[in-house]
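What follows is one structure encoded as C-alpha cells, with my remarks underneath.
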Amino acid sequence: MINEIKQGSVVVLKKGHPCGANKWEIIRFGVDCKIKCLGCGRIVLIERMDLRKAIKKILEEETHEEPIE
Ligand SMILES: [Zn+2]
C-alpha cells in the first residue's frame, strides 16, 4: 500500500533503470510527474497514474520533518 508520494520523496520502482539503480527522486508531482534516477541523474516524465502503479516502495530518507512546537 502506498502511503504518501510528494515532491522530494525517494521511491523504489518495480522496474529499475537500465543503469542499475532503482531509486528515484520525485522532482515534480502533478498530473505528469518527473522522476530523477539517483544512479545516473536521468530525468523521466511519467503520468501520475503510471507512477503509482510502478512504485514498489517509498523511502523516507528524503523527508524533512519540521519540529512540532
Ligand atoms: Zn539511471
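Labeling convention for the C-alpha cells: chains A, B, ... as they appear, residues from 1 per chain, ligands from 1 in order of appearance.
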- Message: as a ChimeraX atom specification, please: every protein or nucleic acid residue near ligand 1 (cut-off 7 Å, counting only C-alpha atoms and all ligand atoms).
- Response: /A:17-21,37-42
- Task: Fewer than 2 positions away in the same chain doesn't count, so skip those; otherwise give me all residues within 10 Å of Lys53 (chain A), counting only C-alpha atoms, as a list in words.
- Result: Ile2, Leu13, Lys14, Arg48, Met49, Asp50, Leu51, Ile55 and Lys56 of chain A
Hey, can you spit out that residue selection with N, CA and C atoms as an mmCIF file, in the first residue's frame?
data_model
loop_
_atom_site.group_PDB
_atom_site.id
_atom_site.type_symbol
_atom_site.label_atom_id
_atom_site.label_comp_id
_atom_site.auth_asym_id
_atom_site.auth_seq_id
_atom_site.Cartn_x
_atom_site.Cartn_y
_atom_site.Cartn_z
ATOM 1 N N ILE A 2 0.508 2.153 -0.855
ATOM 2 C CA ILE A 2 1.299 3.374 -0.963
ATOM 3 C C ILE A 2 0.798 4.406 0.037
ATOM 4 N N LEU A 13 11.066 1.672 -7.637
ATOM 5 C CA LEU A 13 10.082 1.220 -8.614
ATOM 6 C C LEU A 13 10.172 -0.293 -8.804
ATOM 7 N N LYS A 14 9.115 -0.849 -9.370
ATOM 8 C CA LYS A 14 9.107 -2.288 -9.630
ATOM 9 C C LYS A 14 10.172 -2.658 -10.647
ATOM 10 N N ARG A 48 1.029 10.373 -13.507
ATOM 11 C CA ARG A 48 0.860 10.059 -12.093
ATOM 12 C C ARG A 48 0.268 8.666 -11.877
ATOM 13 N N MET A 49 -0.727 8.323 -12.698
ATOM 14 C CA MET A 49 -1.347 7.003 -12.540
ATOM 15 C C MET A 49 -0.348 5.878 -12.794
ATOM 16 N N ASP A 50 0.496 6.073 -13.811
ATOM 17 C CA ASP A 50 1.513 5.069 -14.106
ATOM 18 C C ASP A 50 2.553 5.004 -13.001
ATOM 19 N N LEU A 51 2.883 6.164 -12.485
ATOM 20 C CA LEU A 51 3.873 6.218 -11.402
ATOM 21 C C LEU A 51 3.366 5.459 -10.182
ATOM 22 N N ILE A 55 5.370 2.147 -8.506
ATOM 23 C CA ILE A 55 6.104 2.251 -7.242
ATOM 24 C C ILE A 55 5.983 0.986 -6.411
ATOM 25 N N LYS A 56 7.131 0.525 -5.948
ATOM 26 C CA LYS A 56 7.159 -0.643 -5.083
ATOM 27 C C LYS A 56 7.231 -0.203 -3.633
#
- Point-to-point distance from CA of Ser9 (chain A) to CA of Lys36 (chain A), Å rounded to tenths: 10.7 Å
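The closest residue to Lys23 (chain A), picked from A:Ile43, A:Ala54, A:Ile5, A:Leu59 and counting only C-alpha atoms, is A:Leu59.
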At a cut-off of 8 Å, using only C-alpha atoms, what residues contact Ile35 (chain A)? Leave out same-chain residues fewer than 4 positions from it and give the result as an mmCIF file with C-alpha atoms, in the first residue's frame.
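Writing done, so here's out.cif:
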data_model
loop_
_atom_site.group_PDB
_atom_site.id
_atom_site.type_symbol
_atom_site.label_atom_id
_atom_site.label_comp_id
_atom_site.auth_asym_id
_atom_site.auth_seq_id
_atom_site.Cartn_x
_atom_site.Cartn_y
_atom_site.Cartn_z
ATOM 1 C CA TRP A 24 14.126 7.726 -7.929
ATOM 2 C CA GLU A 25 13.500 11.140 -6.528
ATOM 3 C CA ILE A 26 10.180 12.777 -7.304
ATOM 4 C CA ILE A 27 11.115 16.182 -8.574
ATOM 5 C CA ARG A 28 7.642 17.136 -9.750
ATOM 6 C CA ILE A 43 15.018 12.574 -15.595
ATOM 7 C CA VAL A 44 11.962 10.666 -16.753
ATOM 8 C CA LEU A 45 8.475 12.009 -17.310
ATOM 9 C CA ILE A 46 5.688 9.687 -16.188
#
- Message: I need the residues in chain A that are strand (DSSP E) according to DSSP; give them as a list in words.
- Response: Val10, Val11, Val12, Leu13, Trp24, Glu25, Ile26, Ile27, Arg28, Asp32, Cys33, Lys34, Ile35, Lys36, Cys37, Ile43, Val44, Leu45, Ile46, Glu47, Ile55, Lys56, Lys57, Ile58 and Leu59 of chain A
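Taking only region 2-66 of chain A, the residues that DSSP calls alpha helix (DSSP H) from the backbone come to Arg48, Met49, Asp50, Leu51, Arg52, Lys53 and Ala54 of chain A.
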Selection to disk with N, CA and C atoms, as a tab-separated table (two decimals), in the first residue's frame:
chain	number	residue	atom	x	y	z
A	48	ARG	N	1.03	10.37	-13.51
A	48	ARG	CA	0.86	10.06	-12.09
A	48	ARG	C	0.27	8.67	-11.88
A	49	MET	N	-0.73	8.32	-12.70
A	49	MET	CA	-1.35	7.00	-12.54
A	49	MET	C	-0.35	5.88	-12.79
A	50	ASP	N	0.50	6.07	-13.81
A	50	ASP	CA	1.51	5.07	-14.11
A	50	ASP	C	2.55	5.00	-13.00
A	51	LEU	N	2.88	6.16	-12.48
A	51	LEU	CA	3.87	6.22	-11.40
A	51	LEU	C	3.37	5.46	-10.18
A	52	ARG	N	2.12	5.69	-9.81
A	52	ARG	CA	1.55	4.99	-8.65
A	52	ARG	C	1.63	3.48	-8.83
A	53	LYS	N	1.35	3.05	-10.05
A	53	LYS	CA	1.37	1.61	-10.32
A	53	LYS	C	2.80	1.06	-10.30
A	54	ALA	N	3.74	1.93	-10.68
A	54	ALA	CA	5.13	1.46	-10.82
A	54	ALA	C	5.89	1.44	-9.50
